[in-house]
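**Q** input-v9.cif is reproduced below (mmCIF, C-alpha atoms and all ligand atoms).
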data_query
loop_
_atom_site.label_atom_id
_atom_site.label_comp_id
_atom_site.auth_asym_id
_atom_site.auth_seq_id
_atom_site.Cartn_x
_atom_site.Cartn_y
_atom_site.Cartn_z
CA MET A 200 -15.11 -50.50 38.40
CA PRO A 201 -18.82 -51.30 37.85
CA GLU A 202 -19.66 -51.50 34.16
CA SER A 203 -22.22 -49.11 32.73
CA LEU A 204 -25.43 -50.70 31.57
CA THR A 205 -28.36 -49.94 29.35
CA SER A 206 -32.00 -50.29 30.41
CA ASP A 207 -32.30 -54.00 29.56
CA GLY A 208 -29.24 -54.87 31.64
CA GLU A 209 -26.83 -55.23 28.69
CA ARG A 210 -23.55 -53.37 28.56
CA TRP A 211 -24.09 -49.75 27.53
CA ALA A 212 -23.13 -48.71 24.00
CA PRO A 213 -23.20 -45.18 22.53
CA GLY A 214 -26.71 -44.13 21.56
CA ARG A 215 -28.45 -46.39 24.09
CA VAL A 216 -30.12 -45.42 27.35
CA LEU A 217 -27.39 -45.17 29.99
CA VAL A 218 -27.91 -46.61 33.46
CA LEU A 219 -25.42 -45.93 36.25
CA GLU A 220 -25.81 -46.94 39.86
CA THR A 221 -24.65 -45.30 43.07
CA GLN A 222 -25.24 -46.29 46.66
CA ARG A 223 -28.63 -44.54 46.90
CA PHE A 224 -29.58 -43.81 43.28
CA VAL A 225 -30.06 -45.15 39.81
CA LEU A 226 -29.05 -42.63 37.15
CA ARG A 227 -30.89 -43.26 33.92
CA SER A 228 -31.15 -41.34 30.64
CA LEU A 229 -34.45 -39.48 30.68
CA THR A 230 -36.96 -40.38 27.99
CA ALA A 231 -40.18 -38.68 26.88
CA LYS A 232 -42.22 -40.50 29.52
CA ASP A 233 -40.16 -38.80 32.23
CA ALA A 234 -41.60 -35.39 31.25
CA THR A 235 -43.97 -35.49 34.21
CA PRO A 236 -45.60 -32.36 35.66
CA THR A 237 -42.98 -32.46 38.44
CA TYR A 238 -40.11 -32.51 35.94
CA VAL A 239 -41.67 -29.79 33.79
CA GLY A 240 -42.18 -27.75 36.97
CA TRP A 241 -38.43 -27.60 37.58
CA TRP A 242 -38.02 -25.73 34.30
CA ASN A 243 -40.55 -23.19 35.46
CA ASP A 244 -39.15 -22.73 38.98
CA PRO A 245 -37.17 -19.48 39.47
CA GLU A 246 -35.04 -20.98 42.25
CA ILE A 247 -33.89 -23.76 39.91
CA GLN A 248 -33.46 -21.68 36.75
CA GLU A 249 -31.84 -18.51 38.09
CA PRO A 250 -28.49 -20.13 38.99
CA PHE A 251 -28.17 -20.85 35.25
CA GLY A 252 -29.03 -17.29 34.27
CA PHE A 253 -32.53 -18.14 33.05
CA ARG A 254 -35.91 -16.84 34.02
CA PRO A 255 -38.60 -19.51 34.54
CA ARG A 256 -39.02 -21.03 31.07
CA ASN A 257 -42.79 -21.19 30.97
CA TRP A 258 -42.48 -24.67 29.47
CA GLY A 259 -45.19 -27.24 28.89
CA ARG A 260 -44.77 -30.99 28.51
CA ASP A 261 -43.91 -30.78 24.79
CA ASP A 262 -41.07 -28.33 25.45
CA ALA A 263 -39.64 -30.69 28.06
CA ILE A 264 -39.90 -33.65 25.67
CA ARG A 265 -38.16 -31.70 22.90
CA ASN A 266 -35.37 -30.86 25.32
CA ILE A 267 -35.02 -34.46 26.52
CA GLN A 268 -34.82 -35.63 22.89
CA ARG A 269 -31.81 -33.40 22.19
CA PHE A 270 -29.71 -35.75 24.33
CA ASP A 271 -28.29 -38.49 22.10
CA ASN A 272 -26.62 -40.68 24.76
CA ARG A 273 -23.41 -40.45 22.74
CA SER A 274 -21.99 -37.10 23.70
CA TRP A 275 -24.98 -35.47 25.39
CA PHE A 276 -26.57 -37.18 28.39
CA ASN A 277 -29.45 -36.09 30.62
CA LEU A 278 -29.54 -38.58 33.47
CA GLY A 279 -32.49 -38.63 35.84
CA ILE A 280 -31.50 -39.19 39.48
CA PHE A 281 -33.89 -41.88 40.77
CA PRO A 282 -33.76 -42.96 44.43
CA LYS A 283 -33.56 -46.76 44.31
CA GLY A 284 -36.99 -48.33 44.00
CA VAL A 285 -38.66 -45.04 43.04
CA ASP A 286 -39.92 -44.18 39.56
CA LEU A 287 -39.75 -40.39 39.87
CA PRO A 288 -36.42 -38.59 39.73
CA VAL A 289 -35.33 -36.08 42.39
CA GLY A 290 -33.20 -34.21 39.87
CA PHE A 291 -31.00 -34.71 36.86
CA PHE A 292 -27.33 -34.67 35.88
CA VAL A 293 -26.32 -33.33 32.47
CA ILE A 294 -23.14 -34.21 30.58
CA PHE A 295 -21.87 -32.58 27.38
CA VAL A 296 -18.84 -34.38 25.96
CA GLU A 297 -16.99 -31.81 23.86
CA GLY A 298 -14.63 -32.83 21.07
CA GLY A 299 -14.41 -36.33 22.52
CA TYR A 300 -11.77 -35.33 25.09
CA ARG A 301 -13.43 -33.13 27.71
CA ALA A 302 -16.86 -32.88 29.33
CA LYS A 303 -18.93 -30.13 30.85
CA THR A 304 -21.42 -31.21 33.52
CA LEU A 305 -24.15 -29.63 35.62
CA VAL A 306 -26.57 -30.88 38.24
CA VAL A 307 -30.10 -29.97 39.28
CA ILE A 308 -31.76 -31.30 42.43
CA GLY A 309 -35.32 -30.33 41.60
CA ASP A 310 -36.93 -31.95 44.62
CA LYS A 311 -35.99 -29.52 47.37
CA GLY A 312 -36.73 -32.16 50.00
CA TRP A 313 -33.41 -33.66 48.85
CA TRP A 314 -31.34 -30.48 49.23
CA GLY A 315 -28.77 -30.99 51.95
CA ALA A 316 -28.56 -34.78 51.33
CA ARG A 317 -25.24 -34.66 49.44
CA VAL A 318 -26.82 -35.93 46.25
CA PRO A 319 -24.56 -33.94 43.85
CA LEU A 320 -21.38 -35.43 45.37
CA GLU A 321 -22.58 -39.04 45.11
CA VAL A 322 -23.95 -38.68 41.61
CA ARG A 323 -21.05 -36.72 40.20
CA ALA A 324 -18.55 -39.26 41.57
CA ARG A 325 -20.20 -42.03 39.52
CA CYS A 326 -20.35 -39.80 36.45
CA LEU A 327 -16.65 -38.94 36.80
CA ASP A 328 -15.85 -42.67 36.80
CA PHE A 329 -17.97 -43.13 33.67
CA LEU A 330 -16.46 -40.16 31.86
CA PHE A 331 -12.83 -40.87 32.67
CA ASP A 332 -12.88 -44.68 32.48
CA GLU A 333 -15.43 -45.39 29.76
CA ILE A 334 -15.71 -42.31 27.57
CA GLY A 335 -12.02 -41.53 28.03
CA VAL A 336 -12.16 -37.77 28.53
CA VAL A 337 -9.14 -36.12 30.12
CA LEU A 338 -10.99 -33.31 31.87
CA VAL A 339 -14.40 -32.66 33.42
CA TYR A 340 -15.39 -29.09 34.15
CA GLY A 341 -18.25 -26.91 35.30
CA THR A 342 -18.94 -23.24 35.72
CA VAL A 343 -20.97 -21.62 38.49
CA SER A 344 -22.24 -18.26 39.54
CA PRO A 345 -20.10 -16.74 42.32
CA ARG A 346 -23.31 -16.53 44.38
CA ASN A 347 -24.09 -20.25 44.09
CA PHE A 348 -22.47 -21.13 47.42
CA ALA A 349 -23.83 -24.68 47.59
CA SER A 350 -22.35 -25.54 44.17
CA ILE A 351 -19.02 -23.91 44.95
CA TYR A 352 -18.85 -25.82 48.21
CA ASN A 353 -19.66 -29.09 46.43
CA TYR A 354 -16.93 -28.61 43.79
CA LYS A 355 -14.36 -27.79 46.43
CA VAL A 356 -15.31 -30.70 48.70
CA GLN A 357 -15.00 -33.07 45.72
CA GLY A 358 -11.47 -31.85 44.99
CA PHE A 359 -12.07 -29.85 41.81
CA ALA A 360 -9.46 -27.19 41.04
CA VAL A 361 -10.46 -23.58 40.50
CA ASP A 362 -9.37 -22.74 36.95
CA GLY A 363 -10.28 -19.12 37.34
CA VAL A 364 -12.91 -16.48 37.00
CA LEU A 365 -14.59 -16.16 33.61
CA ARG A 366 -15.37 -12.48 33.51
CA LYS A 367 -18.98 -11.67 32.56
CA GLN A 368 -19.52 -15.06 30.89
CA GLY A 369 -22.81 -15.80 32.67
CA LEU A 370 -26.06 -14.00 33.37
CA ASP A 371 -27.53 -13.23 36.75
CA ALA A 372 -31.20 -13.68 37.67
CA ALA A 373 -32.02 -10.26 36.19
CA GLY A 374 -30.33 -11.14 32.89
CA LYS A 375 -27.26 -8.99 33.58
CA PRO A 376 -23.84 -10.40 32.67
CA GLU A 377 -21.97 -11.72 35.69
CA ASP A 378 -18.68 -13.53 36.30
CA GLN A 379 -18.55 -17.33 36.48
CA ILE A 380 -16.15 -19.50 38.45
CA ALA A 381 -14.66 -22.37 36.46
CA PHE A 382 -13.87 -25.66 38.23
CA SER A 383 -12.21 -28.71 36.72
CA MET A 384 -10.93 -32.18 37.49
CA LEU A 385 -8.31 -34.06 35.46
CA ALA A 386 -8.52 -37.83 34.98
CA GLU A 387 -5.29 -38.43 36.90
CA GLU A 388 -6.46 -36.23 39.78
CA TRP A 389 -9.72 -38.17 40.08
CA ARG A 390 -7.92 -41.54 39.93
CA ALA A 391 -5.50 -40.44 42.66
CA LYS A 392 -8.36 -39.19 44.81
CA ARG A 393 -10.44 -42.32 44.22
CA GLY A 394 -7.45 -44.55 44.94
CA ALA A 395 -6.71 -42.68 48.15
CA SER A 396 -10.26 -43.06 49.42
CA SER A 397 -10.75 -46.77 48.58
C1 LIG B 401 -27.01 -26.39 43.73
C2 LIG B 401 -27.70 -27.63 44.24
C3 LIG B 401 -27.42 -28.80 43.28
C4 LIG B 401 -27.09 -27.95 45.62
O1 LIG B 401 -27.74 -29.03 46.21
P1 LIG B 401 -27.20 -29.60 47.60
O2 LIG B 401 -25.80 -30.09 47.45
O3 LIG B 401 -28.19 -30.55 48.11
O4 LIG B 401 -27.17 -28.27 48.47
P2 LIG B 401 -26.84 -28.05 49.98
O5 LIG B 401 -27.81 -27.06 50.46
O6 LIG B 401 -26.69 -29.35 50.72
O7 LIG B 401 -25.40 -27.37 49.92
C5 LIG B 401 -24.23 -28.13 49.64
C6 LIG B 401 -23.20 -27.81 50.68
O8 LIG B 401 -22.88 -26.41 50.60
C7 LIG B 401 -23.01 -25.83 51.88
N1 LIG B 401 -23.55 -24.47 51.70
C8 LIG B 401 -24.73 -24.13 51.15
N2 LIG B 401 -24.88 -22.79 51.20
C9 LIG B 401 -23.77 -22.29 51.80
C10 LIG B 401 -23.33 -20.99 52.16
N3 LIG B 401 -24.08 -19.93 51.91
N4 LIG B 401 -22.12 -20.86 52.75
C11 LIG B 401 -21.37 -21.94 53.02
N5 LIG B 401 -21.73 -23.21 52.71
C12 LIG B 401 -22.92 -23.37 52.12
C13 LIG B 401 -24.02 -26.70 52.61
O9 LIG B 401 -23.86 -26.59 54.03
C14 LIG B 401 -23.67 -28.07 52.10
O10 LIG B 401 -22.56 -28.60 52.81
P3 LIG B 401 -22.70 -29.86 53.78
O11 LIG B 401 -23.11 -31.00 52.88
O12 LIG B 401 -21.34 -30.06 54.36
O13 LIG B 401 -23.75 -29.48 54.76
C15 LIG B 401 -29.24 -27.43 44.38
O14 LIG B 401 -29.47 -26.37 45.26
C16 LIG B 401 -29.88 -27.11 43.05
O15 LIG B 401 -30.18 -28.01 42.28
N6 LIG B 401 -30.08 -25.81 42.77
C17 LIG B 401 -30.67 -25.33 41.53
C18 LIG B 401 -29.80 -25.63 40.30
C19 LIG B 401 -28.34 -25.31 40.51
O16 LIG B 401 -27.97 -24.29 41.08
N7 LIG B 401 -27.49 -26.21 40.00
C20 LIG B 401 -26.07 -26.04 40.00
C21 LIG B 401 -25.68 -25.08 38.95
S1 LIG B 401 -23.96 -25.14 38.65
#
Once more with this new file: its structure as structure tokens, please.

**A**
Amino acid sequence: MPESLTSDGERWAPGRVLVLETQRFVLRSLTAKDATPTYVGWWNDPEIQEPFGFRPRNWGRDDAIRNIQRFDNRSWFNLGIFPKGVDLPVGFFVIFVEGGYRAKTLVVIGDKGWWGARVPLEVRARCLDFLFDEIGVVLVYGTVSPRNFASIYNYKVQGFAVDGVLRKQGLDAAGKPEDQIAFSMLAEEWRAKRGASS
């Protein structure tokens, strides 16, 4: 299993910038300098925000920096998804470790030129390794709108189980409560799947 690093190439420790590598991408904790107009634009894009039940945020650079700074690289991570050799991310992957034993994750591919390129599957696989093997959580889960077909497809293709329907726990694009579908993966399920495919 590749070890997780920090930005100067040393082994990662809680609180430090996290760097993970996949075949096509470097995942790195975002910092204030990553609050570029492109990144800020994703927070103001209805197509990106509505799946999460938000209207465009009307954010400026300072709002984006404040948000980035909420991630402590201990239990909250906001990892930019950088194609190798490129300094601008195409999206980001968020991890919330809850109670030290489980993690909620979500993914945004902000650069729509990368939609359809199976980025979420590649990035989430590396993050599952990190969460199960290094942080030691027993479960990783996510919730999606029943109309977010691409996300549902991605969870199913990756082998996540459907835990159930969370009635009215989300908001739709108009701000009306809507059901959410909960998906999860247990550590032993991921290890079996990873073992079977290596
Ligand atoms: C959701 C998101 C991450 C998906 O990105 P993506 O994986 O590149 O999306 P794709 O369009 O390739 O769809 C993924 C898969 O679902 C399939 N799919 C998409 N819409 C579908 C539909 N209506 N019916 C059936 N399958 C569908 C695609 O064919 C694709 O499968 P393939 O790889 O075998 O071709 C991206 O659209 C995004 O960031 N959206 C905004 C934020 C968001 O919704 N995040 C997730 C919240 S939980």

**Q** Where's the centre, and what are the edge lengths in Å to one decimal, of a box along x, y and z enclosing all listed atoms of ligand LIG 401 (chain B) padded 5 Å per side, as AutoDock Vina command-line options?

**A**
--center_x -26.0 --center_y -25.5 --center_z 46.7 --size_x 19.3 --size_y 21.1 --size_z 26.1

**Q** Counting all atoms listed in the file, what residues are within 10 Å of ligand LIG 401 (chain B), given as a ChimeraX atom specification?

**A** /A:241,244-252,289-292,304-321,341-356,379-381

**Q** Export, as a PDB file, in the coordinates of the input, the selected residues with C-alpha atoms.

**A**
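Okay, this is what ended up in part.pdb:
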ATOM      1  CA  TRP A 241     -38.430 -27.600  37.580  1.00  0.00           C
ATOM      2  CA  ASP A 244     -39.150 -22.730  38.980  1.00  0.00           C
ATOM      3  CA  PRO A 245     -37.170 -19.480  39.470  1.00  0.00           C
ATOM      4  CA  GLU A 246     -35.040 -20.980  42.250  1.00  0.00           C
ATOM      5  CA  ILE A 247     -33.890 -23.760  39.910  1.00  0.00           C
ATOM      6  CA  GLN A 248     -33.460 -21.680  36.750  1.00  0.00           C
ATOM      7  CA  GLU A 249     -31.840 -18.510  38.090  1.00  0.00           C
ATOM      8  CA  PRO A 250     -28.490 -20.130  38.990  1.00  0.00           C
ATOM      9  CA  PHE A 251     -28.170 -20.850  35.250  1.00  0.00           C
ATOM     10  CA  GLY A 252     -29.030 -17.290  34.270  1.00  0.00           C
ATOM     11  CA  VAL A 289     -35.330 -36.080  42.390  1.00  0.00           C
ATOM     12  CA  GLY A 290     -33.200 -34.210  39.870  1.00  0.00           C
ATOM     13  CA  PHE A 291     -31.000 -34.710  36.860  1.00  0.00           C
ATOM     14  CA  PHE A 292     -27.330 -34.670  35.880  1.00  0.00           C
ATOM     15  CA  THR A 304     -21.420 -31.210  33.520  1.00  0.00           C
ATOM     16  CA  LEU A 305     -24.150 -29.630  35.620  1.00  0.00           C
ATOM     17  CA  VAL A 306     -26.570 -30.880  38.240  1.00  0.00           C
ATOM     18  CA  VAL A 307     -30.100 -29.970  39.280  1.00  0.00           C
ATOM     19  CA  ILE A 308     -31.760 -31.300  42.430  1.00  0.00           C
ATOM     20  CA  GLY A 309     -35.320 -30.330  41.600  1.00  0.00           C
ATOM     21  CA  ASP A 310     -36.930 -31.950  44.620  1.00  0.00           C
ATOM     22  CA  LYS A 311     -35.990 -29.520  47.370  1.00  0.00           C
ATOM     23  CA  GLY A 312     -36.730 -32.160  50.000  1.00  0.00           C
ATOM     24  CA  TRP A 313     -33.410 -33.660  48.850  1.00  0.00           C
ATOM     25  CA  TRP A 314     -31.340 -30.480  49.230  1.00  0.00           C
ATOM     26  CA  GLY A 315     -28.770 -30.990  51.950  1.00  0.00           C
ATOM     27  CA  ALA A 316     -28.560 -34.780  51.330  1.00  0.00           C
ATOM     28  CA  ARG A 317     -25.240 -34.660  49.440  1.00  0.00           C
ATOM     29  CA  VAL A 318     -26.820 -35.930  46.250  1.00  0.00           C
ATOM     30  CA  PRO A 319     -24.560 -33.940  43.850  1.00  0.00           C
ATOM     31  CA  LEU A 320     -21.380 -35.430  45.370  1.00  0.00           C
ATOM     32  CA  GLU A 321     -22.580 -39.040  45.110  1.00  0.00           C
ATOM     33  CA  GLY A 341     -18.250 -26.910  35.300  1.00  0.00           C
ATOM     34  CA  THR A 342     -18.940 -23.240  35.720  1.00  0.00           C
ATOM     35  CA  VAL A 343     -20.970 -21.620  38.490  1.00  0.00           C
ATOM     36  CA  SER A 344     -22.240 -18.260  39.540  1.00  0.00           C
ATOM     37  CA  PRO A 345     -20.100 -16.740  42.320  1.00  0.00           C
ATOM     38  CA  ARG A 346     -23.310 -16.530  44.380  1.00  0.00           C
ATOM     39  CA  ASN A 347     -24.090 -20.250  44.090  1.00  0.00           C
ATOM     40  CA  PHE A 348     -22.470 -21.130  47.420  1.00  0.00           C
ATOM     41  CA  ALA A 349     -23.830 -24.680  47.590  1.00  0.00           C
ATOM     42  CA  SER A 350     -22.350 -25.540  44.170  1.00  0.00           C
ATOM     43  CA  ILE A 351     -19.020 -23.910  44.950  1.00  0.00           C
ATOM     44  CA  TYR A 352     -18.850 -25.820  48.210  1.00  0.00           C
ATOM     45  CA  ASN A 353     -19.660 -29.090  46.430  1.00  0.00           C
ATOM     46  CA  TYR A 354     -16.930 -28.610  43.790  1.00  0.00           C
ATOM     47  CA  LYS A 355     -14.360 -27.790  46.430  1.00  0.00           C
ATOM     48  CA  VAL A 356     -15.310 -30.700  48.700  1.00  0.00           C
ATOM     49  CA  GLN A 379     -18.550 -17.330  36.480  1.00  0.00           C
ATOM     50  CA  ILE A 380     -16.150 -19.500  38.450  1.00  0.00           C
ATOM     51  CA  ALA A 381     -14.660 -22.370  36.460  1.00  0.00           C
TER      52      ALA A 381
END

**Q** What separation in Å, quoted to one decimal, exists between CA of Ser396 in chain A and CA of Gln357 in chain A?

**A**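 Here the two named atoms are 11.7 Å from each other.
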
**Q** Mind giving me the straight-line distance from CA of Asp271 in chain A to CA of Pro236 in chain A in Å, one decimal?

**A**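 A separation of 22.8 Å between them.
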
**Q** I'd like the contact shell of Leu370 in chain A - 8 Å cut-off, only C-alpha atoms, skipping same-chain residues fewer than 5 positions apart - returned as a VMD selection string.

**A** chain A and resid 251 to 253 375 to 378

**Q** Would you mind exporting the chosen residues as a compact mmCIF listing (two decimals), in the coordinates of the input, restricted to C-alpha atoms?

**A**
# COMPACT_ATOMS: atom_id res chain seq x y z
CA PHE A 251 -28.17 -20.85 35.25
CA GLY A 252 -29.03 -17.29 34.27
CA PHE A 253 -32.53 -18.14 33.05
CA LYS A 375 -27.26 -8.99 33.58
CA PRO A 376 -23.84 -10.40 32.67
CA GLU A 377 -21.97 -11.72 35.69
CA ASP A 378 -18.68 -13.53 36.30

**Q** Just give me the residues with any atom within 7 Å of (-38.2, -30.5, 33.5), file coordinates, counting all atoms listed in the file, written as a list in words.

**A**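 Answer for this query, in the requested form: Ala234, Tyr238, Val239, Gly240, Trp241, Trp242 and Ala263 of chain A.
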
**Q** Rounded to one decimal, what separation in Å do you get between CA of Ala360 in chain A and CA of Ala391 in chain A?

**A**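 Separation of CA of Ala360 in chain A and CA of Ala391 in chain A: 13.9 Å.
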
**Q** Between A:Leu338, A:Arg254, A:Arg393, A:Asp332, single out the one closest to Glu202 in chain A, counting only C-alpha atoms.

**A**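 Of the candidates, the smallest distance to Glu202 in chain A is held by A:Asp332.
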